[in-house]
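The structure under discussion appears below in the form of structure tokens.
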2 protein chains.
Amino acid sequence: MNAQVPPAEDPLDRTRFPVDEWRLIETDYDESDLGTTETLFATANGYIGMRGNPEEGRPAYAHGTFVNGFHETWPIRHAEDAHGFARIGQTIVNVPDAKVLKIYVDDEPLLLPIADLDAYERTLDFKQGVLRRRVIWRTSAGKRVQINTTRLVSFTQRHLAIMSVTITMLSGDAPIVISSQVVNRQDGRDDYSVSTKTAEGSDPRKAEAVDRRILEPQSQWCGDGRLMMTYRCADSRMTLAVGADHTMITDNAYSEISSAEPDHAKHVYRIDAEQGVPIHLEKLVAYHTSRGAPVRELADRCQRTLDRARETGVEAIHDDQIAWLERFWDECDVEIPGQPAVQQAVRWNLFQLAQAAARAEGLGIAAKGVTGSGYSGHYFWDTEIYVLPFLTYTMPQAARCALRFRYTMLDDARKRASEMAALGALFPWRTINGEEASAYYAAGTAQYHIDADIAYALMKYVRATDDQDFLHHEGADILVETARFWADLGFWRSNGEDVFHIHSVTGPDEYTTVVNDNLFTNVMARDNLATAAQTVRELKEKQPEVYARMATRLDFDCDEVDEWERCAKAMFIPYDERIKVHPQDAHFLEREVWDLSKTPAAKRPLMLNYHPLVLYRFQVLKQADVVVAMFLQGDAFSLEEKRANFEYYDPITTGDSTLSAVVQSIVAAETGYPDLALRYFYAGLFVDLDDRHRNTADGVHVASTGGVWSALIYGFGGMRDHGGQISFNPRLPKSWSELKFRLRLQGSRLHVRLTADHLEFEVVSGSAVEVTVRGEQVTVEPGEPVSVVITRPKDEEEADMKRKLPPVGGRRADGSIITASVPRSRNG
Amino acid sequence: MNAQVPPAEDPLDRTRFPVDEWRLIETDYDESDLGTTETLFATANGYIGMRGNPEEGRPAYAHGTFVNGFHETWPIRHAEDAHGFARIGQTIVNVPDAKVLKIYVDDEPLLLPIADLDAYERTLDFKQGVLRRRVIWRTSAGKRVQINTTRLVSFTQRHLAIMSVTITMLSGDAPIVISSQVVNRQDGRDDYSVSTKTAEGSDPRKAEAVDRRILEPQSQWCGDGRLMMTYRCADSRMTLAVGADHTMITDNAYSEISSAEPDHAKHVYRIDAEQGVPIHLEKLVAYHTSRGAPVRELADRCQRTLDRARETGVEAIHDDQIAWLERFWDECDVEIPGQPAVQQAVRWNLFQLAQAAARAEGLGIAAKGVTGSGYSGHYFWDTEIYVLPFLTYTMPQAARCALRFRYTMLDDARKRASEMAALGALFPWRTINGEEASAYYAAGTAQYHIDADIAYALMKYVRATDDQDFLHHEGADILVETARFWADLGFWRSNGEDVFHIHSVTGPDEYTTVVNDNLFTNVMARDNLATAAQTVRELKEKQPEVYARMATRLDFDCDEVDEWERCAKAMFIPYDERIKVHPQDAHFLEREVWDLSKTPAAKRPLMLNYHPLVLYRFQVLKQADVVVAMFLQGDAFSLEEKRANFEYYDPITTGDSTLSAVVQSIVAAETGYPDLALRYFYAGLFVDLDDRHRNTADGVHVASTGGVWSALIYGFGGMRDHGGQISFNPRLPKSWSELKFRLRLQGSRLHVRLTADHLEFEVVSGSAVEVTVRGEQVTVEPGEPVSVVITRPKDEEEADMKRKLPPVGGRRADGSIITASVPRSRNG
């Protein structure tokens, strides 16, 4: 068995984090994993994101408030430069922090690590979309004070967050001060983006450090319980306004005073609190950002957001939030009855997808959403391959937004292709503003597959929604320009017959870079080329006017389509006849095999402990590569091929990337490794909740949360969607009794319920839905649930149970013997 | 014919640069190529280097005074970091400039670009080792003034430079001011190291920019005509003292005054000059540097250097310089009678070798010597492969110094191997202080061949000198640790028989990086392993005590030697049976072929116009790679193999590196392309004199100057030195009547004279020398010159004359057809 993946058990301390199917609950304050819990309890709506920092402002592993796409730029200085290297660095900015509500009782500040707490509970409520904290504090003077706070980032009002604090003296009276603040921390000592990067042994997954002042204060204003501050980024010139509004409700006597300085505004209440008389403060916060609008304009927008929220009222905003989430869960939930711990974790993951994508409108979905500065807030292929399946089948309007965002980058992508001496368009491997921001081309720009990933997700979206309007405009342009790129990047070699090769590329696995004919890239490019050709041909035939406009717009020549078809047809797909395995690239099997069983834990993840040149010369994977292709392009491979590939690659896959486990789970399920599938599912499910990669503190692994959905639906649900045909070959884990999920297909809403021996479908709205189950056509009419028997043959099931992965190095490449080994460092 | 190399013609404007066999002469002042002439007229001794800036201090393309090894460091910030990336940046520092002697007549400053010059001549004298300038200036007032200056960097007194200025009023009297200065320019606007790197499209061959103050002034002092200033580098903490001493000789009345500020000291003379009464000022300059000695100590050393020079006297120092050079030319000269223009250029190149290496003692020989800041003053394989042949056979004591310098880096190299998870020692690809400074590993650290290059040069030195003492101590340690590295880096694969492979390496050609089984690396590593094994075995047998000490010192196990021998024997040497060519690496022939004939001049050099990922996927070479192996490891390949390889690679070799032409010349000569050999020789000969790579302004291409010697001796002289056996197969260019050169072999001095039909040897000192000429043994006894007839068979010669290189893309890889093409950029 693969030693890389721990057994499938609930890993959480259930005393501290009790099971609740609709909430993440923390019952004990613990400073040791502060960074992790800040991420786990973050609140966000895809536009604004607030880490779960305490209202008091400290202690914090990383203060963090982020606005999607709000970034600073700088000229990248390469230690050794070359033509076409990325020029413009981009980093998401930690915006001024409006979360702060400092509390003083008898002038003693509440500070959780040293406070004498009679009660502590923090909950993130997936139904209400609220972060709540309830504390009973025994002050140094021995008085008991109840302090309840809430924090909500609105799904219905994109620019709005609301907070509250309710304080009740349980014993004794006391003067109480509440200092509500907006703090620009980005130049401070505790600023996240400055403090996390150390001089030596940096972790490339963290944010880029910018060692200078980023946010230049433009104006400050306070009055009538309202604070308003505006800023501009020094280099990107992006502008931001943040406003805060306060309402005090109490029968205690109090006074209030405001002040605003360039980096610090506050509204302070002094209250003479009597025992049992509650103090309730509501704080409304608005953020507006822009690529260039004047800050005065943004301040006006904040005023309007706050005015409207005040009119709407806090209660109504809470109600809207609940209603929004009710619909979300109705359309997106995945249920695993009888598995409350799993259910809780699944819902936390799905909730993160809402928090990352719900209101991203016009922006991308970053690797960490808006919950942290990890990966500098960049957008990667994570969006298209890991998040879009969920969005496409449950929130298609959000999928459209994400794809349309790529379309807005198309001109930049054309320029980038030209810089790379190629035709068509090359999307950046990582970016915020559309320009390539990957300073390390071997694991960046060389991942040309981003082009095919976008085309792939785009076609999945179009087929699932039949959104012809999108296809005819944005979609076709992307398909044509990416196909052009592939046709130009590759070249022809004749060996009797003409074969199309693509050299010097990097696939998803970043432990092997700049190779020839990476299997993943080639099969994805093949699909890109063929789909573009097919789309253009269909357009020409069925929509000659649309076609004619496109041909003019794209300076299009029909010969190109012939060329794409030839390239797709003649695409080289590496295959080793002797061991019946698809090599990850043309020469992968010639490499030395890394024996992971001999690599000590202290040397993991490998990328932080070995020079790239060491990793690159071994057969060792950061993440699934051929195995991802087996999933995404599953109709191009036989089950035997998939199994052989999974068996070959799984033992040499470290899973050092969080993108790996979820896909390994899906393919393990398909190829007859049910136990391994479940273990990989758990590995993905608890990536953040159990801080499996020791960097959850840098933000939620959004791709993994999307992958959890994919593992459930594609893995255990056994759904596939090749060429627009929805099929099911379900494989419910033995320990589960039931799996229920919802899909939106061409506008219809389909409920699916899987039990040990049945697969049930119900169309709850829309027209009939056609699917296949294990090859048999099933038509589900609205209002007429269908149940299909899906018991597997016993011998097949038994075979699965007995199946064991071969040992590392047990496989031979090209008939030759390579003994698995490890680099002989005397270093560690 | 290869279009990459221009015809063999004298490219210089002989009106401005008249031919003189012993001097480089410039007869016209021209500001348009200021940077180039500053380099061409630089004076240096391998320790101190002074660019040919005018005494007046301006105008300058790049002020430059350098002390070998005197460098600043800084933490390299990688745009995207990874384990084991180089950490410490290193850049040679432009030290305080003591060349300045400003002249004012009637308070009018002499400034060459605007001065009305009646006469101008600048000469670099290879026999006297002096830079001279003679100017007759007609001042604005119409007075004629003769100003003669000299500049000498002493070969005999390592820390000393001397300058003089002689001024004579030819018409009229005038007040004259001479302001002799020492200027720390490194923070100024015209500072070279700061001004040359632009934000965009940087040229990686230039020096790294350090955007802060480097030299911190420590003390300043002046008195008695002497200036003394000391500095410390901010980060590296290296220390420096510079002192200047002045002697005025004139019958005119004059006064003098000194001043010293932190960055500027001067000694100023005011002279009432009478017509015809000469003013003669002598300036002695001393530089001392240290890794850590206090500046006070260095100032004392400067005082002693200046005191001694004053006692010796300027005239005697000039005489010493002449005597030193007389011996240099006696031992190192190469004569080409009847070709004065070639002779001049050859002597300029050889003189540069003296200027780069003569007094480098304890330091390396940088890519630009001490004539510019190009390549940041780093030491590369240039030393071992391009400079050491010349030193080994003409100045063996300097060769020993250079090799011993590598030995002093051995501990750092051990640490670096460990960082790279390997045993043994890995020398840095580029360095000043012993640590890897290559920030781009693909064309840096991955050039592991540096280990084998050092071992190779070391054995050449030991065999040419029989320096057993060096072999037993420094040499053996280097051989053992490098062999260990190779044995660990590679791995075994069995395909019937066990084969040893080395993956993920970069060979000399930097247009293809991180490949498997680079032919050059593998044959050089094989030699390294075999030589180390042989050396250890011989030691054990012949010098058991030396062996025992070494075994203890290196924790040595005799099993290791068996392993090295097995590795060497089983080393994989890529060879394509179908087209009879050695692929540059295991998969080189699978790449697309770049058609250089279709690449416009504006796109050259390719590295400044194409992203590495574009270059890397084509068959296109920056510089000879397999062809270098054909030369260095010539005894391992047949003539047919060499010819097939030369014919395959030459048409796809851009020569974008100056290391290429000289080796192409040697192999063209050997494989029967005499015309091409001569053209490549000229291309190498005029690399700097004709600024062929448009960056001579950054300093002399020292490797190319060494390569000029190699092209003469190995190429036309046909010498080979495989395994210590000296052989000759000469090929005198048809247009030359004679070639004479000198060698030092095991202490004996051998003069060699080649004519169209004879090869003559004479031992002028030492014992008899054994060589072979075209396979026949020749013994040359002292005092008994030997003449060997070497006429070639007519048909062979005719075949050579008719031979033509095949067209690009005309060759087929593995039976397949690859059409040569170019990247289809719409960019340029």
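Ordering of the structure tokens sets the chain letters (A, B, ...); residue numbers start at 1 within each chain; ligands are numbered from 1 in the order shown.
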If you run DSSP on the backbone, which residues of region 551-668 of chain A are alpha helix (DSSP H), as a JSON list (two decimals) with N, CA and C atoms, in the first residue's frame?
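As a result, out-v8.json now contains:
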```json
[["chain", "number", "residue", "atom", "x", "y", "z"],
["A", 551, "ALA", "N", -14.52, 35.33, -37.81],
["A", 551, "ALA", "CA", -13.40, 35.21, -38.76],
["A", 551, "ALA", "C", -12.75, 36.57, -38.96],
["A", 552, "THR", "N", -13.57, 37.61, -39.04],
["A", 552, "THR", "CA", -13.02, 38.96, -39.19],
["A", 552, "THR", "C", -12.28, 39.37, -37.92],
["A", 553, "ARG", "N", -12.97, 39.15, -36.79],
["A", 553, "ARG", "CA", -12.41, 39.58, -35.51],
["A", 553, "ARG", "C", -11.06, 38.93, -35.24],
["A", 558, "CYS", "N", -9.62, 29.44, -42.68],
["A", 558, "CYS", "CA", -10.16, 28.10, -42.47],
["A", 558, "CYS", "C", -9.09, 27.01, -42.60],
["A", 559, "ASP", "N", -8.00, 27.31, -43.29],
["A", 559, "ASP", "CA", -6.89, 26.36, -43.35],
["A", 559, "ASP", "C", -6.38, 26.04, -41.96],
["A", 560, "GLU", "N", -6.50, 27.02, -41.10],
["A", 560, "GLU", "CA", -6.03, 26.81, -39.73],
["A", 560, "GLU", "C", -6.73, 25.63, -39.09],
["A", 561, "VAL", "N", -8.03, 25.52, -39.35],
["A", 561, "VAL", "CA", -8.82, 24.45, -38.73],
["A", 561, "VAL", "C", -8.32, 23.09, -39.20],
["A", 562, "ASP", "N", -8.01, 23.00, -40.50],
["A", 562, "ASP", "CA", -7.46, 21.74, -41.00],
["A", 562, "ASP", "C", -6.18, 21.40, -40.25],
["A", 563, "GLU", "N", -5.36, 22.43, -40.06],
["A", 563, "GLU", "CA", -4.09, 22.25, -39.39],
["A", 563, "GLU", "C", -4.32, 21.76, -37.95],
["A", 564, "TRP", "N", -5.28, 22.37, -37.25],
["A", 564, "TRP", "CA", -5.55, 21.95, -35.87],
["A", 564, "TRP", "C", -5.99, 20.49, -35.84],
["A", 565, "GLU", "N", -6.81, 20.13, -36.79],
["A", 565, "GLU", "CA", -7.28, 18.75, -36.81],
["A", 565, "GLU", "C", -6.13, 17.79, -37.08],
["A", 566, "ARG", "N", -5.24, 18.21, -37.97],
["A", 566, "ARG", "CA", -4.07, 17.36, -38.24],
["A", 566, "ARG", "C", -3.20, 17.24, -37.00],
["A", 567, "CYS", "N", -3.00, 18.37, -36.32],
["A", 567, "CYS", "CA", -2.17, 18.34, -35.10],
["A", 567, "CYS", "C", -2.82, 17.42, -34.06],
["A", 568, "ALA", "N", -4.12, 17.58, -33.85],
["A", 568, "ALA", "CA", -4.80, 16.78, -32.84],
["A", 568, "ALA", "C", -4.69, 15.29, -33.17],
["A", 569, "LYS", "N", -4.90, 15.01, -34.44],
["A", 569, "LYS", "CA", -4.92, 13.61, -34.86],
["A", 569, "LYS", "C", -3.54, 12.97, -34.74],
["A", 570, "ALA", "N", -2.52, 13.75, -35.04],
["A", 570, "ALA", "CA", -1.16, 13.21, -35.06],
["A", 570, "ALA", "C", -0.42, 13.48, -33.75],
["A", 612, "PRO", "N", 15.94, 21.87, -6.95],
["A", 612, "PRO", "CA", 15.17, 21.40, -8.11],
["A", 612, "PRO", "C", 15.96, 20.44, -9.00],
["A", 613, "LEU", "N", 17.23, 20.69, -9.19],
["A", 613, "LEU", "CA", 18.01, 19.80, -10.06],
["A", 613, "LEU", "C", 18.06, 18.37, -9.52],
["A", 614, "VAL", "N", 17.95, 18.23, -8.21],
["A", 614, "VAL", "CA", 17.93, 16.88, -7.62],
["A", 614, "VAL", "C", 16.58, 16.25, -7.90],
["A", 615, "LEU", "N", 15.52, 16.97, -7.57],
["A", 615, "LEU", "CA", 14.17, 16.43, -7.79],
["A", 615, "LEU", "C", 13.97, 16.07, -9.26],
["A", 616, "TYR", "N", 14.43, 16.95, -10.14],
["A", 616, "TYR", "CA", 14.11, 16.79, -11.56],
["A", 616, "TYR", "C", 14.73, 15.55, -12.19],
["A", 626, "VAL", "N", 0.09, 12.25, -14.99],
["A", 626, "VAL", "CA", -0.61, 11.31, -15.88],
["A", 626, "VAL", "C", -1.97, 10.96, -15.27],
["A", 627, "VAL", "N", -2.00, 10.80, -13.95],
["A", 627, "VAL", "CA", -3.24, 10.38, -13.28],
["A", 627, "VAL", "C", -4.33, 11.45, -13.43],
["A", 628, "VAL", "N", -3.96, 12.73, -13.45],
["A", 628, "VAL", "CA", -4.96, 13.77, -13.70],
["A", 628, "VAL", "C", -5.50, 13.63, -15.13],
["A", 629, "ALA", "N", -4.60, 13.33, -16.06],
["A", 629, "ALA", "CA", -5.04, 13.14, -17.44],
["A", 629, "ALA", "C", -6.00, 11.96, -17.53],
["A", 630, "MET", "N", -5.74, 10.92, -16.75],
["A", 630, "MET", "CA", -6.62, 9.74, -16.75],
["A", 630, "MET", "C", -8.03, 10.13, -16.33],
["A", 631, "PHE", "N", -8.11, 11.14, -15.46],
["A", 631, "PHE", "CA", -9.42, 11.61, -15.01],
["A", 631, "PHE", "C", -10.03, 12.57, -16.03],
["A", 632, "LEU", "N", -9.29, 13.64, -16.35],
["A", 632, "LEU", "CA", -9.88, 14.69, -17.19],
["A", 632, "LEU", "C", -10.18, 14.21, -18.60],
["A", 639, "LEU", "N", -9.87, 1.38, -19.16],
["A", 639, "LEU", "CA", -9.76, 1.16, -17.72],
["A", 639, "LEU", "C", -8.42, 0.50, -17.38],
["A", 640, "GLU", "N", -7.99, -0.42, -18.24],
["A", 640, "GLU", "CA", -6.71, -1.11, -18.00],
["A", 640, "GLU", "C", -5.56, -0.10, -18.02],
["A", 641, "GLU", "N", -5.61, 0.80, -18.97],
["A", 641, "GLU", "CA", -4.56, 1.82, -19.05],
["A", 641, "GLU", "C", -4.57, 2.70, -17.80],
["A", 642, "LYS", "N", -5.77, 3.09, -17.40],
["A", 642, "LYS", "CA", -5.86, 3.94, -16.21],
["A", 642, "LYS", "C", -5.31, 3.22, -14.99],
["A", 643, "ARG", "N", -5.66, 1.95, -14.89],
["A", 643, "ARG", "CA", -5.21, 1.19, -13.72],
["A", 643, "ARG", "C", -3.69, 1.05, -13.74],
["A", 644, "ALA", "N", -3.16, 0.69, -14.91],
["A", 644, "ALA", "CA", -1.69, 0.52, -15.01],
["A", 644, "ALA", "C", -0.99, 1.82, -14.66],
["A", 645, "ASN", "N", -1.51, 2.92, -15.15],
["A", 645, "ASN", "CA", -0.89, 4.21, -14.87],
["A", 645, "ASN", "C", -1.00, 4.57, -13.39],
["A", 646, "PHE", "N", -2.18, 4.36, -12.84],
["A", 646, "PHE", "CA", -2.35, 4.66, -11.41],
["A", 646, "PHE", "C", -1.39, 3.82, -10.57],
["A", 647, "GLU", "N", -1.28, 2.56, -10.92],
["A", 647, "GLU", "CA", -0.41, 1.66, -10.14],
["A", 647, "GLU", "C", 1.06, 2.04, -10.28],
["A", 648, "TYR", "N", 1.42, 2.55, -11.46],
["A", 648, "TYR", "CA", 2.81, 2.94, -11.65],
["A", 648, "TYR", "C", 3.13, 4.22, -10.89],
["A", 649, "TYR", "N", 2.26, 5.20, -11.03],
["A", 649, "TYR", "CA", 2.59, 6.53, -10.52],
["A", 649, "TYR", "C", 2.27, 6.73, -9.05],
["A", 660, "SER", "N", -3.20, 17.12, -5.30],
["A", 660, "SER", "CA", -2.97, 15.74, -5.69],
["A", 660, "SER", "C", -3.98, 14.76, -5.12],
["A", 661, "ALA", "N", -4.19, 14.80, -3.80],
["A", 661, "ALA", "CA", -4.96, 13.74, -3.12],
["A", 661, "ALA", "C", -6.35, 13.57, -3.72],
["A", 662, "VAL", "N", -7.03, 14.67, -3.99],
["A", 662, "VAL", "CA", -8.40, 14.58, -4.47],
["A", 662, "VAL", "C", -8.47, 13.86, -5.82],
["A", 663, "VAL", "N", -7.50, 14.11, -6.68],
["A", 663, "VAL", "CA", -7.51, 13.44, -7.98],
["A", 663, "VAL", "C", -7.10, 11.98, -7.82],
["A", 664, "GLN", "N", -6.13, 11.73, -6.94],
["A", 664, "GLN", "CA", -5.74, 10.34, -6.68],
["A", 664, "GLN", "C", -6.94, 9.57, -6.14],
["A", 665, "SER", "N", -7.75, 10.23, -5.33],
["A", 665, "SER", "CA", -8.95, 9.59, -4.80],
["A", 665, "SER", "C", -9.89, 9.18, -5.93],
["A", 666, "ILE", "N", -10.11, 10.10, -6.86],
["A", 666, "ILE", "CA", -11.04, 9.83, -7.96],
["A", 666, "ILE", "C", -10.56, 8.65, -8.80],
["A", 667, "VAL", "N", -9.25, 8.66, -9.13],
["A", 667, "VAL", "CA", -8.74, 7.62, -10.02],
["A", 667, "VAL", "C", -8.57, 6.30, -9.26],
["A", 668, "ALA", "N", -8.25, 6.38, -7.98],
["A", 668, "ALA", "CA", -8.19, 5.16, -7.16],
["A", 668, "ALA", "C", -9.58, 4.50, -7.15]]
```
| request: Name the residues in contact with Tyr448 (chain A) at a cut-off of 9 Å, using only C-alpha atoms, excluding same-chain residues fewer than 6 positions from it; report them as a list of chain:residue names. | output: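 Neighbouring residues, sequence-local ones excluded: A:Leu426, A:Phe427, A:Pro428, A:Trp429, A:Trp486, A:Val505, A:Thr506, A:Gly507, A:Thr521.
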Just to be explicit: take each residue in the selection above, keep C-alpha atoms, and write the result as a compact mmCIF listing (two decimals), in the first residue's frame.
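What landed in out.txt:
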```txt
# COMPACT_ATOMS: atom_id res chain seq x y z
CA LEU A 426 -0.71 32.13 -23.90
CA PHE A 427 -2.45 32.66 -20.59
CA PRO A 428 -0.20 33.41 -17.63
CA TRP A 429 0.56 30.54 -15.30
CA TRP A 486 -0.63 24.79 -29.62
CA VAL A 505 6.92 22.03 -21.40
CA THR A 506 6.08 21.37 -17.79
CA GLY A 507 3.04 19.36 -16.81
CA THR A 521 -0.09 18.55 -21.84
```
| query | What is the distance between CA of Gly338 (chain B) and CA of Glu738 (chain B), in Å to one decimal? | reply |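 We find that CA of Gly338 (chain B) and CA of Glu738 (chain B) lie 7.9 Å from each other.
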| field | Pairwise distance for CA of Ser735 (chain A) and CA of Pro340 (chain A), rounded to one decimal in Å | value |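 Here the two named atoms are 12.8 Å from each other.
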| said: Please report the interatomic distance between CA of Leu589 (chain B) and CA of Phe618 (chain B) in Å with one decimal. | reply: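 These atoms are spaced 9.4 Å apart.
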| request: Give me the residues within 7 Å of Glu56 (chain A) as a VMD selection string, counting only C-alpha atoms and dropping any in the same chain fewer than 2 places off. | output: chain A and resid 54 58 100 to 103 111
| Using only C-alpha atoms, which residues sit within 8 Å of Val499 (chain B) once same-chain residues fewer than 6 positions away are excluded, as a list in words? |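 These residues fall inside the cut-off: Trp492, Arg493, Ala570, Met571 and Phe572 of chain B.
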Could the residues in this selection be written to a file with C-alpha atoms, as a compact mmCIF listing (two decimals), in the first residue's frame?
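Dumped everything to again-v3.txt:
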```txt
# COMPACT_ATOMS: atom_id res chain seq x y z
CA TRP B 492 22.98 2.70 -13.00
CA ARG B 493 20.51 1.38 -15.47
CA ALA B 570 30.17 1.91 -18.17
CA MET B 571 29.63 5.62 -18.82
CA PHE B 572 26.87 6.16 -21.34
```
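Counting only C-alpha atoms and comparing B:Leu170, B:Ala79, B:Ile114, B:Ala452, the residue that lies closest to chain A is B:Ala79.
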| Selection near region 383-391 of chain A, 6 Å with only C-alpha atoms, sequence-local residues under 5 positions removed, as a list of chain:residue names | A:Pro396, A:Ala399, A:Ile454, A:Ala457, A:Ala703, A:Gly706, A:Gly707
What would the file look like if the residues just selected were written as a PDB file, in the first residue's frame with N, CA, C and O atoms?
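Saved to again_21.pdb:
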```
ATOM      1  N   PRO A 396     -23.734  27.787 -11.989  1.00  0.00           N
ATOM      2  CA  PRO A 396     -23.174  28.072 -13.326  1.00  0.00           C
ATOM      3  C   PRO A 396     -22.934  29.556 -13.586  1.00  0.00           C
ATOM      4  O   PRO A 396     -22.021  29.892 -14.338  1.00  0.00           O
ATOM      5  N   ALA A 399     -19.521  30.171 -12.558  1.00  0.00           N
ATOM      6  CA  ALA A 399     -18.580  29.573 -13.513  1.00  0.00           C
ATOM      7  C   ALA A 399     -18.404  30.517 -14.708  1.00  0.00           C
ATOM      8  O   ALA A 399     -17.294  30.749 -15.189  1.00  0.00           O
ATOM      9  N   ILE A 454      -8.033  26.014 -19.525  1.00  0.00           N
ATOM     10  CA  ILE A 454      -9.096  27.012 -19.669  1.00  0.00           C
ATOM     11  C   ILE A 454     -10.080  26.573 -20.755  1.00  0.00           C
ATOM     12  O   ILE A 454     -11.300  26.610 -20.566  1.00  0.00           O
ATOM     13  N   ALA A 457     -12.245  23.711 -19.350  1.00  0.00           N
ATOM     14  CA  ALA A 457     -13.289  24.127 -18.413  1.00  0.00           C
ATOM     15  C   ALA A 457     -14.389  24.888 -19.154  1.00  0.00           C
ATOM     16  O   ALA A 457     -15.580  24.746 -18.837  1.00  0.00           O
ATOM     17  N   ALA A 703      -8.391  25.061  -4.148  1.00  0.00           N
ATOM     18  CA  ALA A 703      -8.460  23.996  -5.150  1.00  0.00           C
ATOM     19  C   ALA A 703      -8.823  22.670  -4.480  1.00  0.00           C
ATOM     20  O   ALA A 703      -9.592  21.876  -5.012  1.00  0.00           O
ATOM     21  N   GLY A 706     -12.471  22.493  -3.758  1.00  0.00           N
ATOM     22  CA  GLY A 706     -13.195  22.111  -4.973  1.00  0.00           C
ATOM     23  C   GLY A 706     -12.989  20.640  -5.282  1.00  0.00           C
ATOM     24  O   GLY A 706     -13.902  19.933  -5.720  1.00  0.00           O
ATOM     25  N   GLY A 707     -11.761  20.191  -5.021  1.00  0.00           N
ATOM     26  CA  GLY A 707     -11.444  18.787  -5.266  1.00  0.00           C
ATOM     27  C   GLY A 707     -12.232  17.851  -4.373  1.00  0.00           C
ATOM     28  O   GLY A 707     -12.541  16.712  -4.756  1.00  0.00           O
TER      29      GLY A 707
END
```
| request: Write out as a list of chain:residue names which residues come within 10 Å of Glu9 (chain A) when counting only C-alpha atoms, dropping same-chain ones fewer than 6 positions away. | output: A:Val342, A:Leu678, A:Arg679, A:Tyr682, A:Ala683
Selection above as a file: N, CA and C atoms, as a PDB file, in the first residue's frame:
```
ATOM      1  N   VAL A 342     -17.719  13.564   8.776  1.00  0.00           N
ATOM      2  CA  VAL A 342     -17.402  13.780   7.364  1.00  0.00           C
ATOM      3  C   VAL A 342     -18.310  14.885   6.814  1.00  0.00           C
ATOM      4  N   LEU A 678     -10.755   6.166  -0.469  1.00  0.00           N
ATOM      5  CA  LEU A 678     -11.310   6.800   0.729  1.00  0.00           C
ATOM      6  C   LEU A 678     -10.218   7.512   1.518  1.00  0.00           C
ATOM      7  N   ARG A 679      -9.045   6.878   1.592  1.00  0.00           N
ATOM      8  CA  ARG A 679      -7.948   7.517   2.327  1.00  0.00           C
ATOM      9  C   ARG A 679      -7.512   8.813   1.660  1.00  0.00           C
ATOM     10  N   TYR A 682     -10.058  11.478   2.406  1.00  0.00           N
ATOM     11  CA  TYR A 682      -9.846  12.060   3.732  1.00  0.00           C
ATOM     12  C   TYR A 682      -8.640  13.001   3.724  1.00  0.00           C
ATOM     13  N   ALA A 683      -7.609  12.589   3.022  1.00  0.00           N
ATOM     14  CA  ALA A 683      -6.421  13.447   2.937  1.00  0.00           C
ATOM     15  C   ALA A 683      -6.797  14.806   2.351  1.00  0.00           C
TER      16      ALA A 683
END
```
| field | Selection near Tyr610 (chain B), 10 Å with only C-alpha atoms, sequence-local residues under 6 positions removed, as a ChimeraX atom specification | value | /A:82-85,419-421 /B:603-604,616,823,825
